[in-house]
Amino acid sequence: MKRRFALIICVTALSLACIIAALPSPQDYAGDELLGRYKYEQFKKPDRCGQCHVEIYQQWRQGMHGQAYSHHWDEIEYFELAVPHAGKDPKMADLKADCNGCHAPLSFMAGDVPPPHVSEKSRANESVSCIVCHSIAGMKGDTPFNFNYIIRPGNVFHGPRGVGTSPEHEIRQNDFFGKAELCGTCHNEKNPFGLWVKSTHLEWQEGPWSEEGVECQVCHMPPAPMLNAKMGHRYDDVHQHMNHGAHDTGKLSGAIEMRITPDAREVVLGDPVRLTLVLFNAKCGHKVPSGSAEERQLWVRVEAVDAEGNVYHLPVDHKGFEGEGQTITSNEPAYFDIGEIKGIAGFQGLQRDALPEGDRIFCLPYFDPQGRRTICQWNTAGQGVDYRIGPRETKVETYTWEIPFEVKPGAVRVHAVISYRRLVKSVADFLNVPPDETEIVLISETQTVFNVLD
Ligand code: HEC
Ligand code: HEC
Ligand code: HEC
Ligand code: HEC
Ligand code: HEC
C-alpha cells in the first residue's frame, strides 16, 4: 500500500515536472507571444542610454535602426498600404501588429498597434532602440525569423563583454551578441503565404562568409578603440553601431566590381563585336540586393561612345532562361495591388522599373496572388527567378553589337555603369515618398576601348 502510494506521488511529481518544463518560463517570451505582454514603462528610453554611451547613441540615431518606425517611407508603407490592407483582408489582419515586431518592437510589446503616427512623437518613434536589442537573451527555435527574439525586460543588459560595471544597470555577458542569428530574428521574414520575403541571414548562412565565421557584426559593427561608456573602460575593440546598409552611399559603393572586354580590338563597320561584362560581389556577406528585395533595384547599363561622341545604348544579350523578362528592365504596367488596396477604380498600374529599357536588372521578383509584380512583401504569393548577385558570386553578361554604319571609325569607348536605387521611382512618386529614397547611387563603373575600321 505504502509502495503504491509512493509510486503515485512519484508519477504525479514527474508529470508536474514535465508540465512545468513544457511551459515557457515567465521570462521567455518571443515572437507573437510578446504582443501586448509588457508596458512601455518597463523599458528605458534611448536618450537615457545616450547620456553615458555617447558615441554609440549618436551612431544608432543616425542609422536605420534609430529610424525603423519614424523614417518617411516606413510610415507611408505601413499606414497607406499595410494597415488598410489588414482592415480589408482577414488573411492580412495580423499585419497591423506584426510589422511592429521588427520596426517598433516596444509598441508591439505594449500592444499599442497600430501605434500613433510619427508626428505624435510617441514611443513608437524609438524604433529599434538600445533596450530592445540589449534585453534580448536569445531566440526561440532553430531558425531566426519574424522577431523570434526572447526579451527579458528589466535592468540587466546583455552584451558581448560583461567585464565592466555600470552605475545604471547590471551587465550580463551573452555570446548571442556576436552571432548573426541575433540579426536574423528581424532580418529574415516569412510572410502570411509562408514565403521568405526577407532572407539576409539565410543568404549569409548559405554563403562563404558564414563558413569562415564572418558574422554580420564584422561588416556592420566593426570594432575600434574607444570608451564604450563615460566612466567605462577603454577597449581596443568597441563595437561601432554603424549598421550601415542600403541607405549609406559608402557601404553601397564598390559593392559590385566589374570588368568589360571586347572579343576583338579591331572591328570592321557592320561586323559584330561581343563584349563580356564580369560582375563580382566581393564585399557583401549576402546577396545584392538583400533585405527588402521587392523594392530595391540594381541594374547595369552599357553604352558605347564613338570618336565623334555619339552615344549608343547596348541592350544586354538574352540568356534564354525562364522568367528572364523580369531581369531585363521594362516599363510594362505593374503593382496593380497598390491600386486595389487603396480602392482606386480603374487603376492602370505603375511602371515596373521606371528605368530605360533593355538593361540587366539583378532582382528577385515578387508576385501577388494574381501573379502580378508587387512591392508589398506581405502580399507576395510567389517569387520568380532569383537573379541577384550572391556573396562572392561572379555573374557574366554579354553584349553583342553589330557596329552600325553611322559609327565614326576610330576609337570606340564602351562604358558599363552599375547603379542602385532603394525604391522603384514610379511607386515612390505615386505614394509621395521623399526623393532621397529614389536617389540613384553609383555602385561602380568600368570601361574598355576598341577600334572601328572602315
Ligand atoms: C540592432 C541591435 C542593437 C541595437 C539597436 C543597439 N545595440 Fe548595442 N550592441 C549590439 C550588438 C550585436 C553588440 C555586440 C557586437 C559584437 O559583439 O560583435 C552591441 C554592443 C554594445 C555595447 C558594447 C560595445 C563593446 O564592444 O564594448 C554597448 C555599450 C552597447 N551595445 C550599447 C548600446 C546602446 C547605448 C544602444 C542605443 C544607442 C545600442 N547599443 C543599440 C546590438 C545592438
Ligand atoms: C549612468 C551611465 C550609464 C547609463 C545611463 C547606461 N549605461 Fe550602459 N554602461 C555604463 C557603463 C559604465 C558600462 C560599463 C562599460 C565598461 O565595460 O567599462 C556600461 C555597459 C553597458 C553595456 C555593455 C555590456 C557588455 O557587454 O559589457 C551595454 C550593452 C549597455 N551598457 C547598455 C546600456 C543601455 C541599453 C542603456 C540604456 C537603457 C544604458 N546602457 C545606460 C554606463 C551607463
Ligand atoms: C529588432 C529587430 C532588428 C534586429 C535585432 C536587427 N535589425 Fe537591422 N534593421 C531592422 C529594421 C526594422 C531595419 C529597417 C530600418 C528601415 O529602413 O526602416 C533594419 C535595418 C538594418 C540595416 C540598414 C539597411 C539599410 O537599408 O540601410 C542594417 C545594415 C542592419 N539593419 C543590420 C543589422 C545587423 C548587423 C543586426 C545584428 C547585429 C541587426 N540589423 C539586428 C531590425 C532589426
Ligand atoms: C562581408 C561583409 C558583410 C557581411 C558579413 C554582412 N554584410 Fe550586410 N552588407 C554589406 C555590404 C557591403 C552592404 C551594401 C550593399 C547592399 O546593400 O547589398 C550590405 C548591406 C546590407 C543590408 C541592406 C541590403 C539592401 O540591399 O537593402 C542589410 C539589411 C544588411 N547588409 C544586413 C546584414 C546582416 C543581417 C548580415 C548577417 C546575416 C550581414 N548584413 C552580413 C556587407 C556585409
Ligand atoms: C521580420 C521583421 C520584419 C517585419 C515583420 C517587417 N519588416 Fe519591414 N523591414 C525589416 C528589415 C530588416 C528591413 C531592412 C531591410 C533592408 O534594408 O533591405 C525592413 C525594411 C522595410 C522598409 C524599407 C525601408 C526603407 O527605408 O527603405 C519598409 C517600407 C518596411 N520594411 C515596411 C514594413 C511593413 C509595412 C511591414 C508589415 C507589413 C514590415 N515592414 C514588416 C524587417 C521587418
# chains A, B, ... in the order shown; residues from 1 in each chain; ligands from 1
>>> residues_around(residues="Gly87 of chain A", least_positions_apart="6", cutoff="12 Å", atoms="only C-alpha atoms", output="NGL selection string")
:A and (79-81 or 93-97 or 114 or 341-342)
>>> residues_around(residues="segment 31-39 of chain A", least_positions_apart="5", cutoff="8 Å", atoms="only C-alpha atoms", output="list in words")
Ala97, Gly101, Phe108, Met109, Ala110, Gly111, Asp112, Asn146, Phe147, Asn148, Tyr149 and Ile150 of chain A
>>> residues_near_ligand(ligand="ligand 5", cutoff="6 Å", atoms="only C-alpha atoms and all ligand atoms", output="JSON list (two decimals) with C-alpha atoms, in the first residue's frame")
[["chain", "number", "residue", "atom", "x", "y", "z"],
["A", 73, "TRP", "CA", 8.90, 55.51, -46.38],
["A", 74, "ASP", "CA", 8.26, 53.14, -43.47],
["A", 77, "GLU", "CA", 4.04, 51.93, -46.50],
["A", 78, "TYR", "CA", 2.69, 50.96, -43.11],
["A", 82, "ALA", "CA", -0.31, 47.63, -44.82],
["A", 95, "LEU", "CA", -0.07, 42.88, -40.21],
["A", 98, "ASP", "CA", 3.32, 42.29, -36.98],
["A", 99, "CYS", "CA", 5.20, 44.99, -38.89],
["A", 101, "GLY", "CA", 7.57, 43.32, -34.16],
["A", 102, "CYS", "CA", 10.61, 44.42, -36.18],
["A", 145, "PHE", "CA", 12.89, 34.96, -38.31],
["A", 146, "ASN", "CA", 9.79, 37.08, -37.61],
["A", 147, "PHE", "CA", 11.08, 38.65, -34.39],
["A", 186, "CYS", "CA", 14.49, 40.60, -37.75],
["A", 187, "HIS", "CA", 16.44, 40.21, -41.00],
["A", 188, "ASN", "CA", 14.58, 37.04, -42.09],
["A", 189, "GLU", "CA", 10.87, 37.38, -42.71],
["A", 246, "ALA", "CA", 21.34, 50.44, -48.45],
["A", 290, "SER", "CA", 19.27, 41.82, -49.99],
["A", 291, "GLY", "CA", 16.58, 42.50, -47.38],
["A", 292, "SER", "CA", 13.73, 44.42, -48.97],
["A", 378, "TRP", "CA", 3.24, 40.71, -47.25],
["A", 422, "ARG", "CA", 16.33, 51.90, -52.86]]
>>> closest_residue(among="A:Tyr387, A:Tyr40, A:Tyr420, A:Phe405", to="ligand 4", atoms="only C-alpha atoms and all ligand atoms")
A:Tyr420
>>> residues_near_ligand(ligand="ligand 4", cutoff="8 Å", atoms="only C-alpha atoms and all ligand atoms", output="PDB file with N, CA and C atoms, in the first residue's frame")
ATOM      1  N   ALA A 180      25.276  36.094 -35.880  1.00  0.00           N
ATOM      2  CA  ALA A 180      24.382  36.545 -36.955  1.00  0.00           C
ATOM      3  C   ALA A 180      22.913  36.250 -36.634  1.00  0.00           C
ATOM      4  N   GLU A 181      22.668  35.216 -35.838  1.00  0.00           N
ATOM      5  CA  GLU A 181      21.279  34.838 -35.528  1.00  0.00           C
ATOM      6  C   GLU A 181      20.530  35.988 -34.848  1.00  0.00           C
ATOM      7  N   CYS A 183      20.758  39.069 -35.465  1.00  0.00           N
ATOM      8  CA  CYS A 183      20.298  39.945 -36.547  1.00  0.00           C
ATOM      9  C   CYS A 183      19.181  39.260 -37.333  1.00  0.00           C
ATOM     10  N   GLY A 184      19.353  37.953 -37.526  1.00  0.00           N
ATOM     11  CA  GLY A 184      18.380  37.193 -38.319  1.00  0.00           C
ATOM     12  C   GLY A 184      16.977  37.208 -37.744  1.00  0.00           C
ATOM     13  N   HIS A 187      16.014  40.108 -39.598  1.00  0.00           N
ATOM     14  CA  HIS A 187      16.437  40.209 -40.999  1.00  0.00           C
ATOM     15  C   HIS A 187      16.073  38.979 -41.830  1.00  0.00           C
ATOM     16  N   THR A 200      18.098  37.898 -45.514  1.00  0.00           N
ATOM     17  CA  THR A 200      19.514  38.309 -45.451  1.00  0.00           C
ATOM     18  C   THR A 200      20.342  37.313 -44.633  1.00  0.00           C
ATOM     19  N   HIS A 201      19.792  36.884 -43.505  1.00  0.00           N
ATOM     20  CA  HIS A 201      20.549  35.941 -42.680  1.00  0.00           C
ATOM     21  C   HIS A 201      20.681  34.579 -43.367  1.00  0.00           C
ATOM     22  N   LEU A 202      19.609  34.110 -43.998  1.00  0.00           N
ATOM     23  CA  LEU A 202      19.673  32.797 -44.669  1.00  0.00           C
ATOM     24  C   LEU A 202      20.652  32.830 -45.847  1.00  0.00           C
ATOM     25  N   GLU A 203      20.666  33.946 -46.569  1.00  0.00           N
ATOM     26  CA  GLU A 203      21.609  34.076 -47.698  1.00  0.00           C
ATOM     27  C   GLU A 203      23.038  34.021 -47.176  1.00  0.00           C
ATOM     28  N   TRP A 204      23.245  34.701 -46.064  1.00  0.00           N
ATOM     29  CA  TRP A 204      24.575  34.714 -45.445  1.00  0.00           C
ATOM     30  C   TRP A 204      24.959  33.301 -44.998  1.00  0.00           C
ATOM     31  N   GLN A 205      23.974  32.614 -44.369  1.00  0.00           N
ATOM     32  CA  GLN A 205      24.244  31.281 -43.827  1.00  0.00           C
ATOM     33  C   GLN A 205      24.639  30.287 -44.925  1.00  0.00           C
ATOM     34  N   TRP A 209      30.826  33.383 -46.333  1.00  0.00           N
ATOM     35  CA  TRP A 209      31.278  34.149 -45.164  1.00  0.00           C
ATOM     36  C   TRP A 209      30.923  33.453 -43.864  1.00  0.00           C
ATOM     37  N   SER A 210      29.768  32.799 -43.830  1.00  0.00           N
ATOM     38  CA  SER A 210      29.365  32.146 -42.577  1.00  0.00           C
ATOM     39  C   SER A 210      30.309  30.993 -42.270  1.00  0.00           C
ATOM     40  N   VAL A 214      32.573  34.816 -40.441  1.00  0.00           N
ATOM     41  CA  VAL A 214      32.440  36.278 -40.556  1.00  0.00           C
ATOM     42  C   VAL A 214      30.965  36.646 -40.351  1.00  0.00           C
ATOM     43  N   GLU A 215      30.650  36.998 -39.113  1.00  0.00           N
ATOM     44  CA  GLU A 215      29.256  37.294 -38.758  1.00  0.00           C
ATOM     45  C   GLU A 215      28.877  38.681 -39.297  1.00  0.00           C
ATOM     46  N   CYS A 216      27.597  38.976 -39.267  1.00  0.00           N
ATOM     47  CA  CYS A 216      27.102  40.296 -39.719  1.00  0.00           C
ATOM     48  C   CYS A 216      27.868  41.424 -39.034  1.00  0.00           C
ATOM     49  N   GLN A 217      28.105  41.229 -37.725  1.00  0.00           N
ATOM     50  CA  GLN A 217      28.716  42.276 -36.904  1.00  0.00           C
ATOM     51  C   GLN A 217      30.086  42.694 -37.449  1.00  0.00           C
ATOM     52  N   VAL A 218      30.820  41.755 -38.059  1.00  0.00           N
ATOM     53  CA  VAL A 218      32.165  42.064 -38.559  1.00  0.00           C
ATOM     54  C   VAL A 218      32.102  43.184 -39.598  1.00  0.00           C
ATOM     55  N   CYS A 219      31.095  43.148 -40.446  1.00  0.00           N
ATOM     56  CA  CYS A 219      30.987  44.143 -41.514  1.00  0.00           C
ATOM     57  C   CYS A 219      30.105  45.334 -41.144  1.00  0.00           C
ATOM     58  N   HIS A 220      29.167  45.135 -40.243  1.00  0.00           N
ATOM     59  CA  HIS A 220      28.218  46.220 -39.942  1.00  0.00           C
ATOM     60  C   HIS A 220      28.437  46.868 -38.575  1.00  0.00           C
ATOM     61  N   ASN A 243      25.815  49.911 -38.442  1.00  0.00           N
ATOM     62  CA  ASN A 243      24.733  49.215 -39.139  1.00  0.00           C
ATOM     63  C   ASN A 243      24.320  49.935 -40.415  1.00  0.00           C
ATOM     64  N   HIS A 244      25.326  50.193 -41.206  1.00  0.00           N
ATOM     65  CA  HIS A 244      25.137  50.889 -42.479  1.00  0.00           C
ATOM     66  C   HIS A 244      24.799  49.878 -43.566  1.00  0.00           C
ATOM     67  N   GLY A 245      23.869  50.270 -44.428  1.00  0.00           N
ATOM     68  CA  GLY A 245      23.427  49.355 -45.486  1.00  0.00           C
ATOM     69  C   GLY A 245      23.013  50.136 -46.710  1.00  0.00           C
ATOM     70  N   ALA A 246      21.806  49.845 -47.196  1.00  0.00           N
ATOM     71  CA  ALA A 246      21.337  50.442 -48.446  1.00  0.00           C
ATOM     72  C   ALA A 246      21.139  51.951 -48.353  1.00  0.00           C
ATOM     73  N   HIS A 247      21.097  52.491 -47.131  1.00  0.00           N
ATOM     74  CA  HIS A 247      20.929  53.939 -47.013  1.00  0.00           C
ATOM     75  C   HIS A 247      22.262  54.648 -46.814  1.00  0.00           C
ATOM     76  N   ASP A 248      23.336  53.973 -47.108  1.00  0.00           N
ATOM     77  CA  ASP A 248      24.665  54.540 -46.895  1.00  0.00           C
ATOM     78  C   ASP A 248      25.475  54.407 -48.186  1.00  0.00           C
ATOM     79  N   LYS A 251      28.685  52.429 -48.095  1.00  0.00           N
ATOM     80  CA  LYS A 251      28.547  50.986 -47.969  1.00  0.00           C
ATOM     81  C   LYS A 251      28.190  50.369 -49.323  1.00  0.00           C
ATOM     82  N   LEU A 252      27.332  51.075 -50.052  1.00  0.00           N
ATOM     83  CA  LEU A 252      26.913  50.567 -51.362  1.00  0.00           C
ATOM     84  C   LEU A 252      28.051  50.648 -52.372  1.00  0.00           C
ATOM     85  N   SER A 253      28.829  51.705 -52.235  1.00  0.00           N
ATOM     86  CA  SER A 253      29.878  51.981 -53.202  1.00  0.00           C
ATOM     87  C   SER A 253      30.838  50.797 -53.331  1.00  0.00           C
ATOM     88  N   GLY A 254      31.078  50.366 -54.520  1.00  0.00           N
ATOM     89  CA  GLY A 254      32.019  49.271 -54.751  1.00  0.00           C
ATOM     90  C   GLY A 254      31.495  47.899 -54.363  1.00  0.00           C
ATOM     91  N   ALA A 255      30.207  47.810 -54.015  1.00  0.00           N
ATOM     92  CA  ALA A 255      29.665  46.510 -53.599  1.00  0.00           C
ATOM     93  C   ALA A 255      29.803  45.475 -54.721  1.00  0.00           C
ATOM     94  N   ALA A 282      32.310  41.084 -54.139  1.00  0.00           N
ATOM     95  CA  ALA A 282      33.426  40.771 -53.238  1.00  0.00           C
ATOM     96  C   ALA A 282      33.150  41.208 -51.815  1.00  0.00           C
ATOM     97  N   LYS A 283      32.230  42.140 -51.624  1.00  0.00           N
ATOM     98  CA  LYS A 283      32.188  42.910 -50.389  1.00  0.00           C
ATOM     99  C   LYS A 283      30.999  42.601 -49.489  1.00  0.00           C
ATOM    100  N   CYS A 284      29.999  41.888 -50.028  1.00  0.00           N
ATOM    101  CA  CYS A 284      28.769  41.713 -49.239  1.00  0.00           C
ATOM    102  C   CYS A 284      28.642  40.294 -48.724  1.00  0.00           C
ATOM    103  N   GLY A 285      28.180  40.179 -47.508  1.00  0.00           N
ATOM    104  CA  GLY A 285      28.034  38.873 -46.875  1.00  0.00           C
ATOM    105  C   GLY A 285      26.800  38.122 -47.342  1.00  0.00           C
ATOM    106  N   HIS A 286      26.005  38.749 -48.172  1.00  0.00           N
ATOM    107  CA  HIS A 286      24.730  38.181 -48.623  1.00  0.00           C
ATOM    108  C   HIS A 286      24.521  38.602 -50.056  1.00  0.00           C
ATOM    109  N   LYS A 287      23.321  38.325 -50.579  1.00  0.00           N
ATOM    110  CA  LYS A 287      23.076  38.727 -51.964  1.00  0.00           C
ATOM    111  C   LYS A 287      22.931  40.238 -52.050  1.00  0.00           C
ATOM    112  N   VAL A 288      23.139  40.764 -53.246  1.00  0.00           N
ATOM    113  CA  VAL A 288      22.860  42.185 -53.511  1.00  0.00           C
ATOM    114  C   VAL A 288      21.853  42.206 -54.655  1.00  0.00           C
ATOM    115  N   PRO A 289      20.715  42.884 -54.523  1.00  0.00           N
ATOM    116  CA  PRO A 289      20.246  43.459 -53.266  1.00  0.00           C
ATOM    117  C   PRO A 289      19.764  42.374 -52.306  1.00  0.00           C
ATOM    118  N   SER A 290      19.765  42.743 -51.007  1.00  0.00           N
ATOM    119  CA  SER A 290      19.271  41.817 -49.988  1.00  0.00           C
ATOM    120  C   SER A 290      18.097  42.484 -49.277  1.00  0.00           C
ATOM    121  N   GLY A 291      17.624  41.874 -48.206  1.00  0.00           N
ATOM    122  CA  GLY A 291      16.581  42.505 -47.383  1.00  0.00           C
ATOM    123  C   GLY A 291      15.315  42.770 -48.171  1.00  0.00           C
ATOM    124  N   SER A 292      14.965  44.048 -48.287  1.00  0.00           N
ATOM    125  CA  SER A 292      13.727  44.423 -48.967  1.00  0.00           C
ATOM    126  C   SER A 292      13.892  44.303 -50.479  1.00  0.00           C
ATOM    127  N   ALA A 293      14.144  43.084 -50.946  1.00  0.00           N
ATOM    128  CA  ALA A 293      14.450  42.866 -52.356  1.00  0.00           C
ATOM    129  C   ALA A 293      13.272  43.215 -53.268  1.00  0.00           C
ATOM    130  N   ARG A 296      14.137  47.097 -53.989  1.00  0.00           N
ATOM    131  CA  ARG A 296      15.483  47.604 -54.281  1.00  0.00           C
ATOM    132  C   ARG A 296      15.825  47.290 -55.738  1.00  0.00           C
ATOM    133  N   ARG A 422      16.983  52.559 -54.002  1.00  0.00           N
ATOM    134  CA  ARG A 422      16.327  51.900 -52.864  1.00  0.00           C
ATOM    135  C   ARG A 422      14.874  51.556 -53.134  1.00  0.00           C
TER     136      ARG A 422
END
>>> residues_around(residues="Arg301 of chain A", least_positions_apart="3", cutoff="6 Å", atoms="only C-alpha atoms", output="MDAnalysis selection string")
chainID A and resid 359 416:417
>>> select_by_dssp(residues="segment 271-345 of chain A", states="strand (DSSP E)", output="JSON, numbers by chain")
{"A": [272, 273, 274, 275, 276, 277, 278, 279, 280, 297, 298, 299, 300, 301, 302, 303, 304, 305, 311, 312, 313, 333, 334]}
>>> closest_residue(among="A:Val300, A:Val407, A:Val54, A:Val427", to="Leu227 of chain A", atoms="only C-alpha atoms")
A:Val54
>>> residues_near_ligand(ligand="ligand 1", cutoff="8 Å", atoms="only C-alpha atoms and all ligand atoms", output="number ranges by chain")
A: 46-47, 49-50, 52-54, 56-61, 65-66, 128-134, 159-161, 175-179, 182-183, 215, 217-218, 221-223, 227-229, 235, 237-241, 243
>>> decode(residues="segment 223-236 of chain A", atoms="N, CA and C atoms", output="PDB file, in the first residue's frame")
ATOM      1  N   PRO A 223      34.826  46.599 -34.869  1.00  0.00           N
ATOM      2  CA  PRO A 223      35.418  47.019 -33.596  1.00  0.00           C
ATOM      3  C   PRO A 223      36.488  48.100 -33.770  1.00  0.00           C
ATOM      4  N   ALA A 224      36.525  49.046 -32.853  1.00  0.00           N
ATOM      5  CA  ALA A 224      37.525  50.121 -32.905  1.00  0.00           C
ATOM      6  C   ALA A 224      37.845  50.570 -31.479  1.00  0.00           C
ATOM      7  N   PRO A 225      39.066  51.122 -31.274  1.00  0.00           N
ATOM      8  CA  PRO A 225      39.433  51.554 -29.924  1.00  0.00           C
ATOM      9  C   PRO A 225      38.640  52.783 -29.486  1.00  0.00           C
ATOM     10  N   MET A 226      38.004  52.714 -28.355  1.00  0.00           N
ATOM     11  CA  MET A 226      37.322  53.878 -27.742  1.00  0.00           C
ATOM     12  C   MET A 226      36.740  53.487 -26.382  1.00  0.00           C
ATOM     13  N   LEU A 227      36.138  54.467 -25.707  1.00  0.00           N
ATOM     14  CA  LEU A 227      35.399  54.195 -24.470  1.00  0.00           C
ATOM     15  C   LEU A 227      34.023  53.714 -24.895  1.00  0.00           C
ATOM     16  N   ASN A 228      33.521  52.644 -24.294  1.00  0.00           N
ATOM     17  CA  ASN A 228      32.164  52.265 -24.699  1.00  0.00           C
ATOM     18  C   ASN A 228      31.119  52.982 -23.846  1.00  0.00           C
ATOM     19  N   ALA A 229      31.582  53.629 -22.768  1.00  0.00           N
ATOM     20  CA  ALA A 229      30.687  54.431 -21.934  1.00  0.00           C
ATOM     21  C   ALA A 229      31.533  55.447 -21.194  1.00  0.00           C
ATOM     22  N   LYS A 230      30.936  56.596 -20.890  1.00  0.00           N
ATOM     23  CA  LYS A 230      31.589  57.515 -19.965  1.00  0.00           C
ATOM     24  C   LYS A 230      31.798  56.710 -18.691  1.00  0.00           C
ATOM     25  N   MET A 231      32.824  56.919 -17.998  1.00  0.00           N
ATOM     26  CA  MET A 231      33.159  56.198 -16.761  1.00  0.00           C
ATOM     27  C   MET A 231      33.340  54.695 -16.969  1.00  0.00           C
ATOM     28  N   GLY A 232      33.401  54.257 -18.226  1.00  0.00           N
ATOM     29  CA  GLY A 232      33.673  52.843 -18.509  1.00  0.00           C
ATOM     30  C   GLY A 232      35.146  52.656 -18.850  1.00  0.00           C
ATOM     31  N   HIS A 233      35.489  51.446 -19.273  1.00  0.00           N
ATOM     32  CA  HIS A 233      36.869  51.161 -19.681  1.00  0.00           C
ATOM     33  C   HIS A 233      37.101  51.615 -21.111  1.00  0.00           C
ATOM     34  N   ARG A 234      38.395  51.730 -21.448  1.00  0.00           N
ATOM     35  CA  ARG A 234      38.761  51.937 -22.840  1.00  0.00           C
ATOM     36  C   ARG A 234      39.137  50.568 -23.398  1.00  0.00           C
ATOM     37  N   TYR A 235      38.537  50.171 -24.500  1.00  0.00           N
ATOM     38  CA  TYR A 235      38.860  48.877 -25.107  1.00  0.00           C
ATOM     39  C   TYR A 235      39.372  49.110 -26.527  1.00  0.00           C
ATOM     40  N   ASP A 236      40.111  48.133 -27.041  1.00  0.00           N
ATOM     41  CA  ASP A 236      40.604  48.239 -28.423  1.00  0.00           C
ATOM     42  C   ASP A 236      39.541  47.851 -29.440  1.00  0.00           C
TER      43      ASP A 236
END
